[in-house]
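As provided, coords_7.txt (compact mmCIF, C-alpha atoms) reads as follows.
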```
# COMPACT_ATOMS: atom_id res chain seq x y z
CA MET L 18 -39.13 16.99 -32.53
CA HIS L 19 -35.40 17.19 -31.97
CA ASP L 20 -32.48 18.02 -34.22
CA GLU L 21 -28.75 17.42 -34.50
CA SER L 22 -27.91 20.14 -31.98
CA ASP L 23 -30.13 18.44 -29.40
CA ALA L 24 -28.13 15.24 -29.75
CA ARG L 25 -24.87 17.17 -29.49
CA PHE L 26 -25.83 18.92 -26.27
CA MET L 27 -27.32 15.74 -24.81
CA ALA L 28 -24.02 13.98 -25.48
CA GLN L 29 -22.38 16.62 -23.30
CA ALA L 30 -24.95 15.98 -20.56
CA LEU L 31 -24.23 12.25 -20.75
CA ALA L 32 -20.49 12.90 -20.43
CA LEU L 33 -21.21 14.88 -17.27
CA ALA L 34 -23.45 12.11 -15.92
CA ARG L 35 -20.60 9.59 -16.26
CA ARG L 36 -18.53 11.66 -13.84
CA GLY L 37 -20.82 10.41 -11.07
CA ARG L 38 -20.55 6.75 -12.02
CA PHE L 39 -18.44 5.83 -8.97
CA THR L 40 -20.25 7.85 -6.30
CA ALA L 41 -23.88 8.55 -7.30
CA ARG L 42 -24.93 5.08 -6.14
CA PRO L 43 -27.53 4.08 -5.20
CA ASN L 44 -28.98 6.97 -7.22
CA PRO L 45 -28.78 6.98 -11.02
CA CYS L 46 -26.06 8.92 -12.82
CA VAL L 47 -27.52 12.18 -14.19
CA GLY L 48 -25.97 15.06 -16.12
CA CYS L 49 -27.42 18.38 -17.20
CA VAL L 50 -26.43 21.31 -19.42
CA VAL L 51 -28.16 24.67 -19.87
CA VAL L 52 -27.96 26.19 -23.35
CA ARG L 53 -28.74 29.81 -24.28
CA ASP L 54 -28.46 31.07 -27.87
CA GLY L 55 -26.51 27.97 -28.90
CA GLU L 56 -23.97 28.33 -26.07
CA VAL L 57 -23.62 26.14 -22.98
CA VAL L 58 -24.04 28.47 -19.99
CA GLY L 59 -24.48 25.93 -17.20
CA ARG L 60 -23.24 22.43 -16.41
CA GLY L 61 -23.87 19.97 -13.59
CA PHE L 62 -23.98 16.33 -12.59
CA HIS L 63 -25.26 14.37 -9.62
CA ARG L 64 -22.27 13.52 -7.46
CA ALA L 65 -23.73 11.59 -4.52
CA ALA L 66 -27.01 10.61 -2.87
CA GLY L 67 -28.28 13.38 -0.62
CA GLU L 68 -26.40 16.06 -2.56
CA PRO L 69 -28.05 18.42 -5.09
CA HIS L 70 -29.23 16.90 -8.34
CA ALA L 71 -27.65 17.64 -11.71
CA GLU L 72 -30.30 20.25 -12.62
CA VAL L 73 -29.60 22.22 -9.45
CA HIS L 74 -25.87 22.45 -10.18
CA ALA L 75 -26.46 23.38 -13.83
CA LEU L 76 -29.01 26.09 -13.03
CA GLU L 77 -26.76 27.57 -10.34
CA ASP L 78 -23.91 27.59 -12.85
CA ALA L 79 -26.11 29.35 -15.44
CA GLY L 80 -27.49 31.98 -13.06
CA GLU L 81 -29.84 34.47 -14.72
CA ARG L 82 -28.90 33.12 -18.14
CA ALA L 83 -31.14 30.12 -17.41
CA ARG L 84 -34.26 32.20 -18.04
CA GLY L 85 -35.53 31.41 -21.53
CA ALA L 86 -32.86 28.74 -22.02
CA THR L 87 -33.04 25.11 -23.11
CA VAL L 88 -32.09 22.51 -20.50
CA TYR L 89 -30.72 19.10 -21.49
CA VAL L 90 -30.99 16.43 -18.79
CA THR L 91 -30.25 12.72 -19.10
CA LEU L 92 -33.12 11.56 -16.85
CA GLU L 93 -36.63 12.94 -16.29
CA PRO L 94 -36.53 15.65 -13.58
CA CYS L 95 -38.05 14.51 -10.30
CA ALA L 96 -41.35 16.02 -9.13
CA HIS L 97 -41.42 14.76 -5.54
CA PHE L 98 -39.79 15.73 -2.27
CA GLY L 99 -37.12 13.22 -1.24
CA ARG L 100 -33.74 14.08 0.24
CA THR L 101 -33.83 17.12 -2.05
CA PRO L 102 -36.66 19.32 -3.42
CA PRO L 103 -38.24 18.49 -6.82
CA CYS L 104 -36.15 19.58 -9.79
CA ALA L 105 -39.20 20.04 -12.05
CA ASN L 106 -40.42 22.84 -9.77
CA LEU L 107 -37.00 24.48 -9.86
CA LEU L 108 -36.94 24.43 -13.67
CA VAL L 109 -40.34 26.14 -13.70
CA GLU L 110 -39.23 28.75 -11.16
CA ARG L 111 -36.09 29.56 -13.13
CA GLY L 112 -38.14 30.28 -16.25
CA VAL L 113 -36.55 27.86 -18.71
CA ARG L 114 -38.22 27.74 -22.12
CA ARG L 115 -37.53 24.17 -23.22
CA VAL L 116 -36.44 20.93 -21.55
CA VAL L 117 -34.92 18.04 -23.54
CA VAL L 118 -34.89 14.70 -21.69
CA ALA L 119 -33.00 11.59 -22.74
CA THR L 120 -35.18 9.05 -20.94
CA ALA L 121 -38.14 8.86 -18.58
CA ASP L 122 -37.67 8.03 -14.90
CA ASN L 123 -39.61 4.84 -14.18
CA ASN L 124 -39.34 5.28 -10.43
CA PRO L 125 -43.01 5.11 -9.29
CA GLN L 126 -42.44 8.36 -7.40
CA VAL L 127 -41.71 10.09 -10.71
CA ASP L 128 -43.02 8.02 -13.67
CA GLY L 129 -43.96 10.92 -15.94
CA SER L 130 -44.98 13.39 -13.23
CA GLY L 131 -41.86 15.48 -13.80
CA LEU L 132 -42.56 15.81 -17.51
CA GLN L 133 -46.20 16.63 -16.82
CA ALA L 134 -45.27 19.34 -14.32
CA LEU L 135 -43.14 21.00 -16.99
CA ARG L 136 -45.86 20.77 -19.62
CA ASP L 137 -48.42 22.18 -17.17
CA ALA L 138 -46.16 25.22 -16.88
CA ASP L 139 -46.17 25.64 -20.69
CA ILE L 140 -42.55 24.53 -21.00
CA GLU L 141 -41.78 22.70 -24.22
CA VAL L 142 -40.70 19.13 -23.47
CA VAL L 143 -38.79 16.86 -25.85
CA THR L 144 -37.99 13.27 -24.89
CA GLY L 145 -36.02 10.34 -26.30
CA VAL L 146 -32.82 12.13 -27.34
CA LEU L 147 -29.96 9.59 -27.03
CA GLU L 148 -32.34 7.45 -24.99
CA SER L 149 -30.52 4.15 -25.47
CA GLU L 150 -27.23 5.68 -24.32
CA ALA L 151 -28.91 7.17 -21.26
CA ARG L 152 -30.63 3.92 -20.33
CA ASP L 153 -27.42 1.98 -20.79
CA LEU L 154 -25.65 4.32 -18.36
CA ASN L 155 -28.23 3.47 -15.68
CA ARG L 156 -29.14 -0.11 -16.55
CA GLY L 157 -29.12 -1.18 -12.92
CA PHE L 158 -31.49 1.62 -11.93
CA HIS L 159 -33.98 0.83 -14.69
CA LEU L 160 -33.90 -2.91 -14.03
CA ARG L 161 -34.46 -2.37 -10.33
CA MET L 162 -37.50 -0.21 -11.08
CA GLU L 163 -38.88 -2.55 -13.76
CA ALA L 164 -38.04 -5.99 -12.35
CA SER L 165 -37.27 -5.36 -8.65
CA ARG L 166 -33.78 -6.81 -8.87
CA PRO L 167 -30.27 -5.55 -9.54
CA LEU L 168 -28.54 -6.06 -12.86
CA VAL L 169 -26.00 -8.90 -12.83
CA ARG L 170 -22.75 -8.78 -14.75
CA LEU L 171 -20.48 -11.79 -14.89
CA LYS L 172 -16.76 -11.05 -14.70
CA MET L 173 -14.87 -14.20 -15.60
CA ALA L 174 -11.19 -14.86 -15.09
CA MET L 175 -9.32 -17.86 -16.42
CA SER L 176 -6.11 -19.00 -18.02
CA LEU L 177 -5.89 -19.36 -21.78
CA ASP L 178 -6.45 -23.12 -21.46
CA GLY L 179 -9.65 -22.57 -19.45
CA HIS L 180 -8.26 -23.27 -15.98
CA THR L 181 -9.14 -21.25 -12.87
CA ALA L 182 -6.53 -22.68 -10.47
CA MET L 183 -3.51 -24.94 -10.35
CA ALA L 184 -3.91 -28.72 -10.24
CA SER L 185 -3.65 -28.65 -6.44
CA GLY L 186 -6.64 -26.32 -6.29
CA GLU L 187 -4.44 -23.42 -5.19
CA SER L 188 -5.37 -20.06 -6.70
CA LYS L 189 -2.48 -17.90 -7.89
CA TRP L 190 -2.50 -14.52 -9.59
CA ILE L 191 -1.47 -14.45 -13.21
CA THR L 192 -3.30 -11.18 -13.88
CA GLY L 193 -1.88 -7.97 -15.24
CA GLN L 194 -2.39 -4.40 -14.08
CA GLU L 195 -5.08 -3.75 -16.69
CA ALA L 196 -7.26 -6.61 -15.42
CA ARG L 197 -6.85 -5.53 -11.80
CA ARG L 198 -7.72 -1.96 -12.78
CA ASP L 199 -10.91 -3.18 -14.44
CA ALA L 200 -11.83 -5.19 -11.34
CA GLN L 201 -11.41 -2.17 -9.09
CA ARG L 202 -13.49 0.01 -11.39
CA LEU L 203 -16.26 -2.59 -11.42
CA ARG L 204 -16.24 -2.60 -7.63
CA ALA L 205 -16.24 1.19 -7.50
CA ARG L 206 -19.30 1.40 -9.75
CA SER L 207 -21.20 -1.08 -7.65
CA SER L 208 -23.50 -0.49 -4.72
CA ALA L 209 -22.41 -3.75 -3.13
CA VAL L 210 -19.78 -6.47 -3.39
CA ILE L 211 -21.01 -10.03 -2.78
CA THR L 212 -18.80 -12.98 -1.97
CA GLY L 213 -19.23 -16.48 -0.58
CA ILE L 214 -18.06 -17.75 2.78
CA GLY L 215 -15.49 -19.99 1.06
CA THR L 216 -13.64 -16.94 -0.23
CA VAL L 217 -13.80 -15.24 3.18
CA LEU L 218 -12.38 -18.30 4.96
CA ALA L 219 -9.67 -18.94 2.35
CA ASP L 220 -8.54 -15.40 1.61
CA ASN L 221 -9.82 -13.18 4.46
CA PRO L 222 -10.41 -10.39 1.90
CA ALA L 223 -11.16 -6.74 2.62
CA LEU L 224 -13.44 -6.41 -0.46
CA THR L 225 -12.70 -2.70 -0.58
CA VAL L 226 -12.13 -0.38 -3.52
CA ARG L 227 -8.49 0.57 -3.96
CA PRO L 228 -8.43 3.88 -5.85
CA ASP L 229 -4.66 3.66 -6.35
CA GLU L 230 -5.23 0.59 -8.56
CA MET L 231 -7.99 2.20 -10.64
CA ASN L 232 -5.64 4.17 -12.92
CA ALA L 233 -8.06 7.01 -12.25
CA TRP L 234 -6.65 9.67 -14.57
CA ASP L 235 -10.20 10.32 -15.81
CA VAL L 236 -11.75 10.66 -12.33
CA ASP L 237 -12.00 13.95 -10.42
CA ALA L 238 -9.89 14.13 -7.25
CA ASP L 239 -12.92 14.97 -5.11
CA ILE L 240 -14.71 11.91 -6.50
CA LEU L 241 -11.83 9.68 -5.42
CA GLU L 242 -11.95 11.22 -1.94
CA LEU L 243 -15.70 10.64 -1.74
CA LEU L 244 -15.24 7.07 -2.95
CA ALA L 245 -12.81 6.41 -0.11
CA ASP L 246 -15.43 7.64 2.39
CA LYS L 247 -18.33 5.83 0.70
CA PRO L 248 -17.31 2.24 -0.02
CA PRO L 249 -19.74 -0.28 -1.50
CA LEU L 250 -21.73 -2.42 0.89
CA ARG L 251 -20.02 -5.79 1.45
CA VAL L 252 -22.30 -8.85 1.36
CA VAL L 253 -21.35 -12.38 2.39
CA LEU L 254 -23.38 -15.48 1.52
CA ASP L 255 -22.85 -17.80 4.48
CA SER L 256 -25.50 -20.50 4.84
CA SER L 257 -24.18 -21.93 8.12
CA LEU L 258 -22.77 -18.71 9.62
CA ARG L 259 -19.17 -19.91 9.65
CA ILE L 260 -17.90 -16.35 9.46
CA ALA L 261 -16.03 -14.97 12.48
CA SER L 262 -16.67 -11.49 13.86
CA GLY L 263 -12.92 -10.91 13.60
CA ALA L 264 -12.88 -11.33 9.81
CA ARG L 265 -10.91 -8.59 8.09
CA LEU L 266 -13.86 -7.15 6.15
CA PHE L 267 -15.67 -6.21 9.39
CA GLY L 268 -12.77 -3.92 10.33
CA GLU L 269 -12.80 -1.96 7.07
CA PRO L 270 -14.82 1.24 6.52
CA GLY L 271 -18.48 0.78 5.59
CA SER L 272 -20.95 -1.96 6.39
CA VAL L 273 -21.20 -5.71 5.89
CA VAL L 274 -24.39 -7.75 5.55
CA VAL L 275 -24.27 -11.52 5.99
CA PHE L 276 -27.05 -13.52 4.34
CA HIS L 277 -27.62 -16.95 5.92
CA ALA L 278 -30.03 -19.87 5.62
CA GLY L 279 -31.71 -19.32 8.97
CA THR L 280 -30.85 -22.79 10.28
CA MET L 281 -28.70 -21.69 13.24
CA PRO L 282 -30.73 -19.20 15.31
CA GLU L 283 -28.48 -19.33 18.38
CA ARG L 284 -25.37 -18.65 16.31
CA ALA L 285 -27.22 -15.88 14.46
CA GLY L 286 -28.24 -14.22 17.72
CA ALA L 287 -24.71 -14.29 19.11
CA LEU L 288 -23.12 -12.99 15.91
CA HIS L 289 -25.78 -10.30 15.58
CA GLY L 290 -24.84 -8.98 18.99
CA GLU L 291 -21.15 -8.87 18.07
CA LEU L 292 -21.68 -7.08 14.76
CA GLN L 293 -24.23 -4.40 15.67
CA PRO L 294 -24.75 -1.57 14.96
CA ARG L 295 -22.65 -1.21 11.80
CA HIS L 296 -23.20 -4.66 10.30
CA ALA L 297 -26.24 -6.90 9.86
CA LEU L 298 -27.46 -10.48 9.41
CA ILE L 299 -30.37 -11.41 7.12
CA SER L 300 -32.04 -14.80 6.77
CA ALA L 301 -32.68 -15.87 3.15
CA PRO L 302 -33.38 -19.62 3.30
CA GLY L 303 -33.28 -21.61 0.09
CA ALA L 304 -33.28 -25.25 -0.96
CA GLY L 305 -30.93 -27.62 0.79
CA ASP L 306 -30.24 -25.31 3.74
CA ARG L 307 -28.45 -22.88 1.45
CA VAL L 308 -28.86 -19.16 0.90
CA ASP L 309 -31.30 -18.33 -1.90
CA LEU L 310 -29.40 -15.93 -4.16
CA SER L 311 -32.55 -14.79 -5.98
CA ALA L 312 -34.07 -13.82 -2.63
CA THR L 313 -30.81 -12.11 -1.71
CA LEU L 314 -30.85 -10.03 -4.88
CA ALA L 315 -34.50 -9.11 -4.32
CA ALA L 316 -33.68 -8.06 -0.75
CA LEU L 317 -30.81 -5.89 -1.97
CA ALA L 318 -33.01 -4.29 -4.64
CA GLY L 319 -35.46 -3.22 -1.93
CA TRP L 320 -32.83 -2.26 0.59
CA TRP L 321 -34.54 0.01 3.16
CA ALA L 322 -33.64 -1.43 6.56
CA ALA L 323 -29.87 -1.31 6.13
CA PRO L 324 -27.54 0.18 8.74
CA ALA L 325 -27.37 3.96 8.46
CA SER L 326 -23.94 3.88 6.84
CA ALA L 327 -24.97 1.38 4.16
CA PRO L 328 -26.28 2.43 0.74
CA ARG L 329 -29.99 1.92 0.09
CA GLN L 330 -31.44 0.05 -2.87
CA PRO L 331 -28.30 -1.26 -4.56
CA LEU L 332 -28.24 -0.93 -8.33
CA ARG L 333 -24.95 -2.72 -8.99
CA VAL L 334 -23.47 -5.51 -6.96
CA VAL L 335 -20.16 -7.25 -7.66
CA VAL L 336 -20.23 -10.95 -6.84
CA ASP L 337 -16.50 -11.26 -6.24
CA SER L 338 -15.81 -14.90 -5.40
CA ARG L 339 -13.27 -17.53 -6.31
CA LEU L 340 -14.45 -20.47 -8.35
CA ARG L 341 -14.00 -23.41 -6.00
CA THR L 342 -13.50 -26.81 -7.62
CA PRO L 343 -11.93 -29.99 -6.26
CA PRO L 344 -8.28 -30.68 -7.14
CA GLY L 345 -8.05 -31.78 -10.75
CA ALA L 346 -11.35 -30.09 -11.71
CA ARG L 347 -9.97 -26.72 -12.63
CA THR L 348 -12.13 -25.55 -15.52
CA LEU L 349 -15.17 -23.30 -15.75
CA SER L 350 -17.42 -26.32 -16.34
CA ARG L 351 -17.91 -26.55 -12.55
CA PRO L 352 -18.38 -23.00 -11.27
CA GLY L 353 -19.00 -22.17 -7.63
CA SER L 354 -22.51 -22.10 -6.23
CA VAL L 355 -22.61 -18.31 -6.28
CA LEU L 356 -22.25 -18.28 -10.05
CA ILE L 357 -24.61 -21.20 -10.66
CA ALA L 358 -27.46 -19.35 -8.94
CA ALA L 359 -26.71 -15.86 -10.26
CA CYS L 360 -29.03 -14.21 -12.76
CA ILE L 361 -26.53 -13.09 -15.37
CA ASP L 362 -27.40 -10.17 -17.63
CA ASP L 363 -23.96 -9.48 -19.14
CA ARG L 364 -20.88 -11.59 -19.70
CA GLY L 365 -17.27 -10.60 -20.14
CA ALA L 366 -14.00 -12.42 -19.61
CA HIS L 367 -10.37 -11.68 -18.84
CA GLN L 368 -8.27 -14.53 -20.11
CA ARG L 369 -4.88 -15.14 -18.55
CA LEU L 370 -6.56 -14.85 -15.13
CA THR L 371 -7.28 -17.30 -12.34
CA GLY L 372 -10.47 -16.96 -10.32
CA ALA L 373 -13.84 -15.52 -11.21
CA GLY L 374 -16.54 -13.18 -10.03
CA ALA L 375 -19.69 -11.51 -11.21
CA GLU L 376 -20.92 -7.98 -11.12
CA VAL L 377 -24.52 -7.51 -10.13
CA ALA L 378 -25.53 -4.05 -11.22
```
Using structure tokens, write down the structure that the file contains.
Amino acid sequence: MHDESDARFMAQALALARRGRFTARPNPCVGCVVVRDGEVVGRGFHRAAGEPHAEVHALEDAGERARGATVYVTLEPCAHFGRTPPCANLLVERGVRRVVVATADNNPQVDGSGLQALRDADIEVVTGVLESEARDLNRGFHLRMEASRPLVRLKMAMSLDGHTAMASGESKWITGQEARRDAQRLRARSSAVITGIGTVLADNPALTVRPDEMNAWDVDADILELLADKPPLRVVLDSSLRIASGARLFGEPGSVVVFHAGTMPERAGALHGELQPRHALISAPGAGDRVDLSATLAALAGWWAAPASAPRQPLRVVVDSRLRTPPGARTLSRPGSVLIAACIDDRGAHQRLTGAGAEVA
């Protein structure tokens, strides 16, 4: 059973978890508070993969006051050894009396084992407090665990009359600062940014996150620094491998993965040699000698063999690509192939804009 105070303290833990929304990837966002005699005595959140989990930070902050306390954590504590030791064991060692969890961790390596470890140590466990809010915060994580694919969000941009370009087919910005801020925040929250070869050839984009355009008054300075050092993976869908090794995105920090249709092995071998070791090529053949986007998303969801500098197991991916239509066909009735094939989970639109993209979370 839980009461109103449990919800209040869990809301604080969720607020802490959101502080990691730009840098925890590919891990889920997790926050934790330690409460003793109705007072918060410890706080923590998971900042980045490989760094201590939220529970570790909160227990260190609480010190000896953690003994006999209640711990509120937004995701089931882990019970396995990964990059860091199991948090369930640490909670037992620190002598907490009660643990309140927002939602279970459906990672097969956890999947209830953390809760069971706590119960085996005679610690009271309460689950389901603000569960929907906690799951919503980590929708990409839960979908990856449950369906083996990232979550896809469509970000649409168009003029008020439904056009995405001028009559000549030329794309021209008519966006405002607010829309560009939203686009940068979507990129920052994503594990990867996907675009098509048409956008690369036309625009030669960097596909980087620009913190100065994020209007990041609500983001910690150290998080912005970490974000600059840990950009999202860039992914290009290029069926025929038309991309050049001198493309701008290869010179930016972080890694690029090019998915192709596997129809040009000699070209793939040559380009592979030019791009190693930081970047990679992956064959994902689909119908009509095109890249299969569903296979691409599945590959990203199970991302283990990426270059060392690339994030593993993307949860969110921004498909950031112009809509390409012939001159005169400027409306959203004929979207680009990237958007046709995408599995869209959410939809949102900025009107007054030209161009379109999708976030895959």
Worksheet entry | Computed interatomic separation between CA of Val210 in chain L and CA of Val47 in chain L (Å) |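 Between CA of Val210 in chain L and CA of Val47 in chain L the gap works out to 22.9 Å.
Reported to one decimal place, the separation of CA of Asp255 in chain L from CA of Gly305 in chain L is 13.2 Å.
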Worksheet item: In Å, with one decimal, what is the gap from CA of Gly85 in chain L to CA of Arg53 in chain L?
Response: 7.5 Å
Fill in: Minimum-distance residue to Val116 in chain L, chosen among L:Val169, L:Ala34, L:Met162, L:Val88 (using all atoms listed in the file)
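The shortest atom-to-atom distance to Val116 in chain L comes from L:Val88.
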Practice prompt. Find the residues around Glu283 in chain L up to 12 Å (only C-alpha atoms counted), leave out those fewer than 6 positions away in its own chain, and share them as a ChimeraX atom specification.
Written response: /L:257-258,289-290
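Of the residues under consideration (L:Val51, L:Ala119, L:Ile240, L:Ala79), L:Ala119 shows the shortest atom-to-atom contact distance to Leu154 in chain L when counting only C-alpha atoms.
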Item to complete: Please provide the set of residues having any atom within 10 Å of Gly37 in chain L, restricted to only C-alpha atoms, with same-chain residues fewer than 6 positions apart removed, written as a ChimeraX atom specification.
Response: /L:44-48,62-65,71,206,236-237,240
Discussion item. At a cut-off of 8 Å, using all atoms listed in the file, what residues contact range 307-314 of chain L? Leave out same-chain residues fewer than 2 positions from it and give the result as a list in words.
Written reply: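 Counting only the stated atoms, we get Arg166, Pro167, Leu254, Asp255, Ser256, Ser257, Phe276, His277, Ala278, Ser300, Ala301, Pro302, Gly303, Ala304, Gly305, Ala316, Leu317, Ala318, Val355, Ala358, Ala359 and Cys360 of chain L.
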May I have the selected residues written with C-alpha atoms, as a compact mmCIF listing (two decimals), in the frame of the given file?
```
# COMPACT_ATOMS: atom_id res chain seq x y z
CA ARG L 166 -33.78 -6.81 -8.87
CA PRO L 167 -30.27 -5.55 -9.54
CA LEU L 254 -23.38 -15.48 1.52
CA ASP L 255 -22.85 -17.80 4.48
CA SER L 256 -25.50 -20.50 4.84
CA SER L 257 -24.18 -21.93 8.12
CA PHE L 276 -27.05 -13.52 4.34
CA HIS L 277 -27.62 -16.95 5.92
CA ALA L 278 -30.03 -19.87 5.62
CA SER L 300 -32.04 -14.80 6.77
CA ALA L 301 -32.68 -15.87 3.15
CA PRO L 302 -33.38 -19.62 3.30
CA GLY L 303 -33.28 -21.61 0.09
CA ALA L 304 -33.28 -25.25 -0.96
CA GLY L 305 -30.93 -27.62 0.79
CA ALA L 316 -33.68 -8.06 -0.75
CA LEU L 317 -30.81 -5.89 -1.97
CA ALA L 318 -33.01 -4.29 -4.64
CA VAL L 355 -22.61 -18.31 -6.28
CA ALA L 358 -27.46 -19.35 -8.94
CA ALA L 359 -26.71 -15.86 -10.26
CA CYS L 360 -29.03 -14.21 -12.76
```
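Considering all atoms listed in the file, the residue among L:Cys104, L:Ala96, L:Val118, L:Val274 positioned nearest to Ser130 in chain L is L:Ala96.
For the residues L:Val252, L:Leu108, L:Leu33, L:Ala66, ranking by smallest atom-to-atom distance to Arg84 in chain L using all atoms listed in the file places L:Leu108 first.
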Item to complete: Extract, using all atoms listed in the file, all DNA, RNA and protein residues at most 12 Å from Gly145 in chain L, discarding same-chain residues fewer than 3 positions from it, and format them as a PyMOL selection string.
Response: chain L and resi 18-20+23-24+27+89-93+116-122+142+148-152
Select all residues near (-19.6, 11.7, -3.6) (cut-off 10 Å, inclusive, file coordinates), counting all atoms listed in the file, and output them as a short mmCIF file (atom, residue, chain, number, x, y, z; two decimals) with C-alpha atoms, keeping the file's coordinate frame.
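Full text of part-v4.cif as output:
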```cif
data_model
loop_
_atom_site.label_atom_id
_atom_site.label_comp_id
_atom_site.auth_asym_id
_atom_site.auth_seq_id
_atom_site.Cartn_x
_atom_site.Cartn_y
_atom_site.Cartn_z
CA GLY L 37 -20.82 10.41 -11.07
CA ARG L 38 -20.55 6.75 -12.02
CA PHE L 39 -18.44 5.83 -8.97
CA THR L 40 -20.25 7.85 -6.30
CA ALA L 41 -23.88 8.55 -7.30
CA ARG L 42 -24.93 5.08 -6.14
CA HIS L 63 -25.26 14.37 -9.62
CA ARG L 64 -22.27 13.52 -7.46
CA ALA L 65 -23.73 11.59 -4.52
CA ALA L 66 -27.01 10.61 -2.87
CA GLY L 67 -28.28 13.38 -0.62
CA GLU L 68 -26.40 16.06 -2.56
CA ASP L 239 -12.92 14.97 -5.11
CA ILE L 240 -14.71 11.91 -6.50
CA LEU L 241 -11.83 9.68 -5.42
CA GLU L 242 -11.95 11.22 -1.94
CA LEU L 243 -15.70 10.64 -1.74
CA LEU L 244 -15.24 7.07 -2.95
CA ALA L 245 -12.81 6.41 -0.11
CA ASP L 246 -15.43 7.64 2.39
CA LYS L 247 -18.33 5.83 0.70
#
```
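With all atoms listed in the file as the atoms that count, the residue of L:Ile299, L:Cys49, L:Gly263, L:Ile214 with the shortest distance to Ala75 in chain L is L:Cys49.
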Shell of 6 Å around Met231 in chain L, all atoms listed in the file, local chain residues under 4 positions omitted, as a PDB file with C-alpha atoms, keeping the file's coordinate frame:
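Produced file out-v3.pdb, reproduced below:
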```
ATOM      1  CA  ARG L 198      -7.720  -1.960 -12.780  1.00  0.00           C
ATOM      2  CA  GLN L 201     -11.410  -2.170  -9.090  1.00  0.00           C
ATOM      3  CA  ARG L 202     -13.490   0.010 -11.390  1.00  0.00           C
TER       4      ARG L 202
END
```
Worksheet entry | Residue with smallest distance to His159 in chain L - pool L:Leu76, L:Gly59, L:Pro125, L:Ala196, counting all atoms listed in the file | L:Pro125
